[in-house]
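Before any comments, here is the structure.
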Amino acid sequence: MHATGAIQDIPGKFDPAQVRDQFPALRREVYGKPLVYLDNAASSQKPQAVIDRLIRYYSSEHSNVHRGVHFLSREATDAYEAARKRAADFLHAPSESAVLYTRGATEGINLVASSFGPLHVGQGDVVLVSHMEHHSNIVPWQMLCEAQGARVRAIPVSDTGEIIYEEFERLLGERVRLLAIGHVSNALGTINPLQSMIRQAHELGIPVVVDGAQAAPHMKIDVQALDCDFYALSSHKMFGPTGVGILYAKPEHLKAMGPWQGGGDMIETVTFEQTTYNEPPHKFEAGTPNIADVLAFAEAIDFLEGIGQDRIAAYERDLLDYATERLLQIEGVRLVGTATEKASVLSFLIGDIHPYDAGTILDRLGIAVRTGHHCAQPLMRRFGIPGTVRASFALYNTFDEADALAAGVRRVREMLG
Amino acid sequence: MAAQGTIRERARDIVEEFGLFDDWMGKYEYLIEIGQGLPPLDPLYKTEAYRIHGCQAQVWVRPEMKNGLVFYEGDSDALITKGLVALLIRVLSGQPPQDVVETSLEFLDEIGMQDHLSATRRNGLASMVRQLKRFAQVHSNKT
Ligand SMILES: Cc1ncc(COP(=O)(O)O)c(C=O)c1O
C-alpha cells in the first residue's frame with residue numbers, strides 16, 4: 001500500500017485526504033465494496049458545498065432572474081451575475097460579458113457553430129479539427145459544413161496519441177476558416193500544444209475554438225494567454241452540477257454574431273415588425289436560465305481555486321505517473337495514448353480482453369471505469385481498436401485507488417486472459 | 001445441440017447450475033465458460049444483417065424456423081456478452097415461437113445477471129432479446 005501521508009509532509013503539496021470527506025458519494029459502497037471512482041472524465045462527484053448551495057437556493061432564495069422588482073428576484077439576479085464574475089475570473093476572461101452560460105461544452109460548441117460558423121465558413125472552406133476530438137467537437141462542425149458546402153478535415157494523430165505537428169501546419173494552409181481543437185483529449189489524456197497552434201492559426205487569420213471540457217478540472221486556464229477565440233467547458237466535469245457550462249468568447253465576436261435562440265431575456269424591444277436584441281452575454285441567453293446550477297457551479301469554482309489548480313495539476317501528475325507505472329507492470333497491458341504531456345487519463349487494453357468484459361469485472365470489484373469508444377470513434381478507428389478501458393482521475397483519487405485499479409486489472413487477467 | 005425441455009425447465013436447470021457458486025466471481029467464471037462453449041457463428045453471418053446494435057460489444061444472432069420451431073445461433077466479441085447470448089440460446093432455441101414471445105426470462109434475475117438485460121447496459125442484450133422475440137412473433141402469427 002502506498003500511503004498518501006508522505007505527500008502531506010511536503011508543505012504546499014496537495015493531499016486528497018484533505019478533501020475526500022467533502023464528497024459524500026465517495027463514501028459509497030457498491031456490491032459491498034468501497035467505491036473506487038475512476039470515471040471522472042465522464043463526470044466528477046460533487047463536494048458538499050455544491051450540494052448545499054443547491055439546497056440553500058431552492059430552500060430560500062429561488063426567484064426568476066432579470067425580471068422582478070422584488071427582493072428575491074434582485075437577490076437571485078445579483079447572485080447569478082456574481083457567479084458569472086467568478087467564472088470570468090476562473091478563465092481569466094477580460095470581462096463578464098465575454099462569458100456565456102450554456103448547458104455544457106456541447107451546447108457551447110453548437111452555439112459557436114450556429115452563430116459564428118456561417119460568418120466565417122463558406123462554400124469550399126474547411127473546418128479543421130483533430131483526429132482525437134470528442135464527437136461534440138466534430139458533429140456540430142459537420143452540420144455547419146453541410147449547410148455551408150464546406151468540409152471538415154482532421155489533423156492526424158501519431159501512435160503516441162499526439163497531433164502530428166507538421167501535418168497541422170500543412171493543413172492550415174488548405175482553405176481552413178476555423179480551427180476547433182480539444183485542450184485535453186478525453187480518450188487519451190493528451191494535452192494539445194494550444195499555445196503555438198493558436199498562434200499559428202491566428203497568423204493566417206483563422207479563429208480557434210477550444211473544447212476545454214477535459215482541461216478545466218485539471219489545470220489553470222487563461223483564455224487571454226491562450227488568445228483563443230472561444231473556450232467551452234462543462235461544470236459537471238469540474239465538481240459542479242450537471243446542466244450548466246461556460247462558453248468564453250472574444251467580445252468582438254459576440255458583437256458580430258447573431259443571436260442563437262430567441263425568447264425572453266435576449267431582447268431589448270419586441271414588436272411584430274422588428275425586434276432588437278439585448279447586449280452580450282444576454283443576447284445569447286434566451287429564456288429562464290439554470291439559476292440553481294449556475295450558483296452551485298460558482299461553489300465548485302471556489303472549491304477548485306481554494307485548493308489551487310497548480311497544486312492539483314502537480315498532484316495529479318504524480319498520481320498519473322504512479323498509476324501508469326503500476327499498470328505497466330502487469331503483463332499484457334498496453335496503454336493507448338502515451339503523449340509526453342498528459343492529464344489524468346489512462347486508456348488501456350489488457351491483452352485481447354474485450355474492454356466491455358474488463359469493465360464488467362472491474363465494476364463488480366467496485367471500480368468504476370469507462371469502456372468503449374469514449375465518443376471518439378474516429379480515434380478508435382485510427383488505432384484499429386473497438387475501444388479501451390479508461391481510468392480517469394480527479395484530485396480526490398488516491399495512490400491506494402491506483403493500487404486497487406492495478407489489483408483489479410490483475411484479477412481481470414486471471415478471469416479472462 | 002437442441003436441448004430438451006420447455007423454456008421454464010431449461011431456465012430452472014441454469015438457475016440450479018449457477019446456484020453452485022456462492023460468489024459473483026464463480027458465477028462470472030462459469031458464464032464465461034458457457035460462452036466459450038458456444039459454437040462460433042459462421043463468419044458468413046457476422047454481417048450487418050445479423051448484427052444486434054448495442055453500443056459496445058458486437059453481438060450477432062441468426063434466427064431460423066425449422067419444423068415449426070425457432071432456432072437461434074449467435075456470437076459476440078466480448079466473452080461475458082457471449083456467455084449471456086449462450087444462455088439465451090440454450091433456453092430459447094428449439095422452442096415454439098409463441099413460447100418465446102411470451103417468456104419473461106426472469107431466470108437472469110435469479111442468477112444475478114438481470115442488470116445485463118437493462119436497456120441502459122449497453123451490451124446489446126436487451127435489443128437482442130427484442131430481436132429474438134420479434135422473429136418469433138412474426139412466425140407465431142403464421143402458425
Ligand atoms: C473532450 C470533451 N468534449 C466535450 C464533451 C461534452 O461535454 P458535455 O457532454 O458535458 O457537453 C466531453 C464530455 O465527455 C468531452 O470529454
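Chain identifiers are assigned as A, B, and so on, following the order in which chains appear in the C-alpha cells; residues are numbered from 1 within each chain, and ligands are numbered from 1 in order of appearance.
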What are the closest atom pairs, with distances in Å to one decimal, for all residues of chain B lying within 7 Å of chain A? Consider only C-alpha atoms, order rows by chain and residue number, and present the result as a tab-separated table.
```
residue	atom	partner	partner_atom	distance
B:Glu29	CA	A:Met415	CA	6.6
B:Gln56	CA	A:Gly372	CA	5.7
B:Ala57	CA	A:Tyr356	CA	6.5
B:Ala78	CA	A:His354	CA	5.3
B:Leu79	CA	A:Asp357	CA	6.5
B:Ile80	CA	A:Asp357	CA	5.9
```
What's the 7 Å shell around region 281-290 of chain A, counting only C-alpha atoms, without same-chain residues fewer than 5 positions away, as JSON, numbers by chain? {"A": [97, 98, 99, 100, 244, 259, 260, 261, 262, 263, 264, 265, 266, 267]}
Using only C-alpha atoms and all ligand atoms, what are the residues with an atom within 9 Å of ligand 1, set out as a PyMOL selection string? chain A and resi 41-43+103-109+132-137+182-187+211-215+232-237+242-245+374-376
Okay, now the selection with C-alpha atoms, as a PDB file, in the first residue's frame?
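New file out.pdb:
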```
ATOM      1  CA  ALA A  41     -13.576  12.246 -17.356  1.00  0.00           C
ATOM      2  CA  ALA A  42     -17.228  11.309 -17.843  1.00  0.00           C
ATOM      3  CA  SER A  43     -18.310  13.293 -14.808  1.00  0.00           C
ATOM      4  CA  ARG A 103     -25.898  23.769 -20.828  1.00  0.00           C
ATOM      5  CA  GLY A 104     -22.370  22.432 -21.158  1.00  0.00           C
ATOM      6  CA  ALA A 105     -19.433  22.112 -23.535  1.00  0.00           C
ATOM      7  CA  THR A 106     -21.619  20.519 -26.181  1.00  0.00           C
ATOM      8  CA  GLU A 107     -24.039  23.404 -26.223  1.00  0.00           C
ATOM      9  CA  GLY A 108     -21.183  25.914 -26.240  1.00  0.00           C
ATOM     10  CA  ILE A 109     -19.642  24.359 -29.332  1.00  0.00           C
ATOM     11  CA  MET A 132      -8.722  12.857 -31.349  1.00  0.00           C
ATOM     12  CA  GLU A 133     -11.790  15.065 -30.925  1.00  0.00           C
ATOM     13  CA  HIS A 134     -14.833  14.122 -28.919  1.00  0.00           C
ATOM     14  CA  HIS A 135     -17.918  13.721 -31.110  1.00  0.00           C
ATOM     15  CA  SER A 136     -19.222  17.004 -29.713  1.00  0.00           C
ATOM     16  CA  ASN A 137     -16.307  18.769 -31.345  1.00  0.00           C
ATOM     17  CA  GLY A 182      -9.622  19.940 -27.731  1.00  0.00           C
ATOM     18  CA  HIS A 183      -7.440  21.205 -24.918  1.00  0.00           C
ATOM     19  CA  VAL A 184      -7.167  17.726 -23.391  1.00  0.00           C
ATOM     20  CA  SER A 185      -8.292  14.532 -25.093  1.00  0.00           C
ATOM     21  CA  ASN A 186     -10.926  12.661 -23.105  1.00  0.00           C
ATOM     22  CA  ALA A 187      -9.966   9.323 -24.647  1.00  0.00           C
ATOM     23  CA  ASP A 211     -13.081  22.347 -26.356  1.00  0.00           C
ATOM     24  CA  GLY A 212     -11.917  22.681 -22.767  1.00  0.00           C
ATOM     25  CA  ALA A 213     -14.228  20.089 -21.220  1.00  0.00           C
ATOM     26  CA  GLN A 214     -11.361  17.892 -20.043  1.00  0.00           C
ATOM     27  CA  ALA A 215      -8.896  20.608 -19.098  1.00  0.00           C
ATOM     28  CA  ALA A 232     -16.171  25.795 -23.969  1.00  0.00           C
ATOM     29  CA  LEU A 233     -16.438  23.762 -20.777  1.00  0.00           C
ATOM     30  CA  SER A 234     -18.890  21.778 -18.647  1.00  0.00           C
ATOM     31  CA  SER A 235     -19.492  22.314 -14.942  1.00  0.00           C
ATOM     32  CA  HIS A 236     -20.267  18.663 -14.197  1.00  0.00           C
ATOM     33  CA  LYS A 237     -16.746  17.543 -15.079  1.00  0.00           C
ATOM     34  CA  THR A 242     -24.894  18.931 -14.487  1.00  0.00           C
ATOM     35  CA  GLY A 243     -26.760  21.064 -16.991  1.00  0.00           C
ATOM     36  CA  VAL A 244     -24.544  24.124 -16.901  1.00  0.00           C
ATOM     37  CA  GLY A 245     -21.396  25.189 -18.657  1.00  0.00           C
ATOM     38  CA  HIS A 374     -15.397   7.311 -25.396  1.00  0.00           C
ATOM     39  CA  CYS A 375     -17.333   9.266 -28.003  1.00  0.00           C
ATOM     40  CA  ALA A 376     -14.211   9.334 -30.160  1.00  0.00           C
TER      41      ALA A 376
END
```
Which residues in region 371-413 of chain A does DSSP call helix (DSSP H, G or I)? List them as a PyMOL selection string. chain A and resi 377-383+399-413
Neighbours of Gln123 (chain A) within 10 Å (only C-alpha atoms; same-chain residues fewer than 5 positions away dropped), as an MDAnalysis selection string? chainID A and resid 145:151
Residue contacts of Val15 (chain B) (7 Å, only C-alpha atoms) excluding same-chain residues fewer than 5 positions away, as number ranges by chain: B: 107, 110-111
Which residues are close to region 134-138 of chain B, i.e. within 12 Å by only C-alpha atoms, leaving aside same-chain residues fewer than 3 positions away? Reply as a PyMOL selection string. chain B and resi 50+61-66+68-72+92-103+127-131+141-143
Nearest candidate to Val91 (chain B) (options B:Lys133, B:Lys27, B:His53, B:Arg8; using only C-alpha atoms):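 Ranked by minimum distance to Val91 (chain B), first place goes to B:Arg8.
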Per DSSP on the backbone, what are the strand (DSSP E or B) residues of region 162-360 of chain A, as an NGL selection string? :A and (163 or 176-182 or 184 or 190-191 or 208-211 or 230-234 or 245-249 or 267-270 or 275-277 or 333-335 or 342 or 345-350)
Would you please work out which residue, of A:Pro193, A:Asp21, A:Ala83, A:Val209, is nearest to Asn110 (chain A) when using only C-alpha atoms?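 Closest to Asn110 (chain A) of all the choices is A:Val209.
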Between CA of Glu305 (chain A) and CA of Asp400 (chain A) - distance in Å to one decimal: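 It comes out at 25.0 Å.
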Arg12 (chain B) environment, 12 Å, only C-alpha atoms, sequence neighbours closer than 6 positions dropped, as number ranges by chain: B: 5-6, 18-19, 87, 90-91, 105-111
Write out the residues from the selection above, keeping all heavy atoms, as a short mmCIF file (atom, residue, chain, number, x, y, z; two decimals), in the first residue's frame.
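Okay, again-v6.cif is ready:
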```
data_model
loop_
_atom_site.label_atom_id
_atom_site.label_comp_id
_atom_site.auth_asym_id
_atom_site.auth_seq_id
_atom_site.Cartn_x
_atom_site.Cartn_y
_atom_site.Cartn_z
N GLY B 5 -36.68 -29.93 -23.21
CA GLY B 5 -37.42 -29.24 -22.16
C GLY B 5 -38.02 -27.91 -22.58
O GLY B 5 -37.62 -27.33 -23.59
N THR B 6 -38.95 -27.45 -21.79
CA THR B 6 -39.59 -26.17 -22.05
C THR B 6 -38.65 -25.05 -21.60
O THR B 6 -37.62 -25.30 -20.97
CB THR B 6 -40.89 -26.04 -21.23
OG1 THR B 6 -40.52 -26.09 -19.84
CG2 THR B 6 -41.86 -27.16 -21.54
N PHE B 18 -26.01 -22.35 -11.63
CA PHE B 18 -25.41 -21.13 -11.09
C PHE B 18 -25.47 -21.12 -9.56
O PHE B 18 -24.63 -20.51 -8.91
CB PHE B 18 -26.07 -19.88 -11.68
CG PHE B 18 -25.46 -19.45 -12.99
CD1 PHE B 18 -25.84 -20.05 -14.18
CD2 PHE B 18 -24.47 -18.47 -13.02
CE1 PHE B 18 -25.25 -19.67 -15.38
CE2 PHE B 18 -23.88 -18.09 -14.21
CZ PHE B 18 -24.26 -18.70 -15.40
N GLY B 19 -26.47 -21.84 -9.03
CA GLY B 19 -26.61 -21.93 -7.58
C GLY B 19 -25.41 -22.61 -6.92
O GLY B 19 -25.19 -22.47 -5.72
N LEU B 87 -26.61 -18.39 -22.94
CA LEU B 87 -27.71 -18.73 -22.03
C LEU B 87 -29.06 -18.55 -22.72
O LEU B 87 -29.94 -19.40 -22.62
CB LEU B 87 -27.67 -17.86 -20.77
CG LEU B 87 -26.56 -18.12 -19.76
CD1 LEU B 87 -26.74 -17.19 -18.56
CD2 LEU B 87 -26.57 -19.57 -19.31
N ARG B 90 -29.57 -21.22 -25.22
CA ARG B 90 -29.84 -22.50 -24.57
C ARG B 90 -31.30 -22.60 -24.12
O ARG B 90 -31.94 -23.64 -24.22
CB ARG B 90 -28.92 -22.65 -23.36
CG ARG B 90 -28.88 -24.07 -22.83
CD ARG B 90 -27.85 -24.18 -21.73
NE ARG B 90 -28.36 -25.01 -20.66
CZ ARG B 90 -27.77 -25.13 -19.47
NH1 ARG B 90 -26.65 -24.46 -19.22
NH2 ARG B 90 -28.28 -25.91 -18.56
N VAL B 91 -31.84 -21.50 -23.68
CA VAL B 91 -33.22 -21.50 -23.18
C VAL B 91 -34.24 -21.41 -24.32
O VAL B 91 -35.28 -22.05 -24.29
CB VAL B 91 -33.41 -20.34 -22.18
CG1 VAL B 91 -34.86 -20.18 -21.80
CG2 VAL B 91 -32.57 -20.58 -20.94
N LEU B 105 -38.08 -14.43 -19.08
CA LEU B 105 -36.64 -14.58 -18.82
C LEU B 105 -36.21 -14.16 -17.42
O LEU B 105 -35.13 -13.61 -17.24
CB LEU B 105 -35.84 -13.78 -19.87
CG LEU B 105 -36.03 -14.21 -21.31
CD1 LEU B 105 -35.37 -13.22 -22.25
CD2 LEU B 105 -35.50 -15.61 -21.56
N GLU B 106 -37.08 -14.44 -16.45
CA GLU B 106 -36.70 -13.98 -15.11
C GLU B 106 -35.57 -14.81 -14.50
O GLU B 106 -35.02 -14.44 -13.47
CB GLU B 106 -37.92 -13.95 -14.18
CG GLU B 106 -38.53 -15.28 -13.86
CD GLU B 106 -40.00 -15.32 -14.29
OE1 GLU B 106 -40.63 -14.25 -14.32
OE2 GLU B 106 -40.49 -16.40 -14.60
N PHE B 107 -35.20 -15.88 -15.18
CA PHE B 107 -34.07 -16.67 -14.64
C PHE B 107 -32.79 -15.84 -14.58
O PHE B 107 -31.93 -16.05 -13.74
CB PHE B 107 -33.85 -17.96 -15.44
CG PHE B 107 -33.17 -17.76 -16.77
CD1 PHE B 107 -31.80 -17.99 -16.91
CD2 PHE B 107 -33.87 -17.34 -17.89
CE1 PHE B 107 -31.16 -17.80 -18.12
CE2 PHE B 107 -33.25 -17.14 -19.10
CZ PHE B 107 -31.89 -17.38 -19.23
N LEU B 108 -32.68 -14.86 -15.48
CA LEU B 108 -31.49 -14.00 -15.46
C LEU B 108 -31.41 -13.24 -14.13
O LEU B 108 -30.34 -12.98 -13.62
CB LEU B 108 -31.54 -13.02 -16.63
CG LEU B 108 -31.30 -13.65 -18.00
CD1 LEU B 108 -31.62 -12.66 -19.10
CD2 LEU B 108 -29.86 -14.14 -18.14
N ASP B 109 -32.57 -12.91 -13.61
CA ASP B 109 -32.67 -12.31 -12.29
C ASP B 109 -32.12 -13.25 -11.23
O ASP B 109 -31.31 -12.86 -10.39
CB ASP B 109 -34.16 -12.12 -11.96
CG ASP B 109 -34.53 -10.68 -11.76
OD1 ASP B 109 -33.71 -9.99 -11.16
OD2 ASP B 109 -35.61 -10.29 -12.23
N GLU B 110 -32.59 -14.47 -11.30
CA GLU B 110 -32.23 -15.43 -10.26
C GLU B 110 -30.75 -15.78 -10.27
O GLU B 110 -30.21 -16.17 -9.25
CB GLU B 110 -33.08 -16.71 -10.41
CG GLU B 110 -34.55 -16.46 -10.13
CD GLU B 110 -35.38 -17.72 -10.34
OE1 GLU B 110 -35.02 -18.78 -9.78
OE2 GLU B 110 -36.37 -17.65 -11.10
N ILE B 111 -30.11 -15.67 -11.40
CA ILE B 111 -28.67 -15.98 -11.42
C ILE B 111 -27.83 -14.71 -11.28
O ILE B 111 -26.61 -14.74 -11.40
CB ILE B 111 -28.25 -16.77 -12.69
CG1 ILE B 111 -28.46 -15.94 -13.96
CG2 ILE B 111 -29.01 -18.09 -12.77
CD1 ILE B 111 -27.85 -16.58 -15.20
#
```
Å distance separating CA of Pro207 (chain A) from CA of Arg86 (chain A), one decimal place: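 Atom-to-atom, CA of Pro207 (chain A) and CA of Arg86 (chain A) are spaced 25.6 Å apart.
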Tell me, in Å to one decimal, how far CA of Ala391 (chain A) is from CA of Ala404 (chain A).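 Here the two named atoms are 11.6 Å from each other.
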Near Val85 (chain B), within 8 Å and counting only C-alpha atoms, which residues show up once chain neighbours fewer than 6 positions away are dropped, as a list in words? Gly35, Gly74, Asp75, Ser76 and Leu125 of chain B
Shortest interatomic distance to Lys46 (chain A) - which of A:Gly240, A:Gly417, A:Pro118, A:Gly337, counting only C-alpha atoms: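 Looking at the shortest contact to Lys46 (chain A), the residue is A:Gly240.
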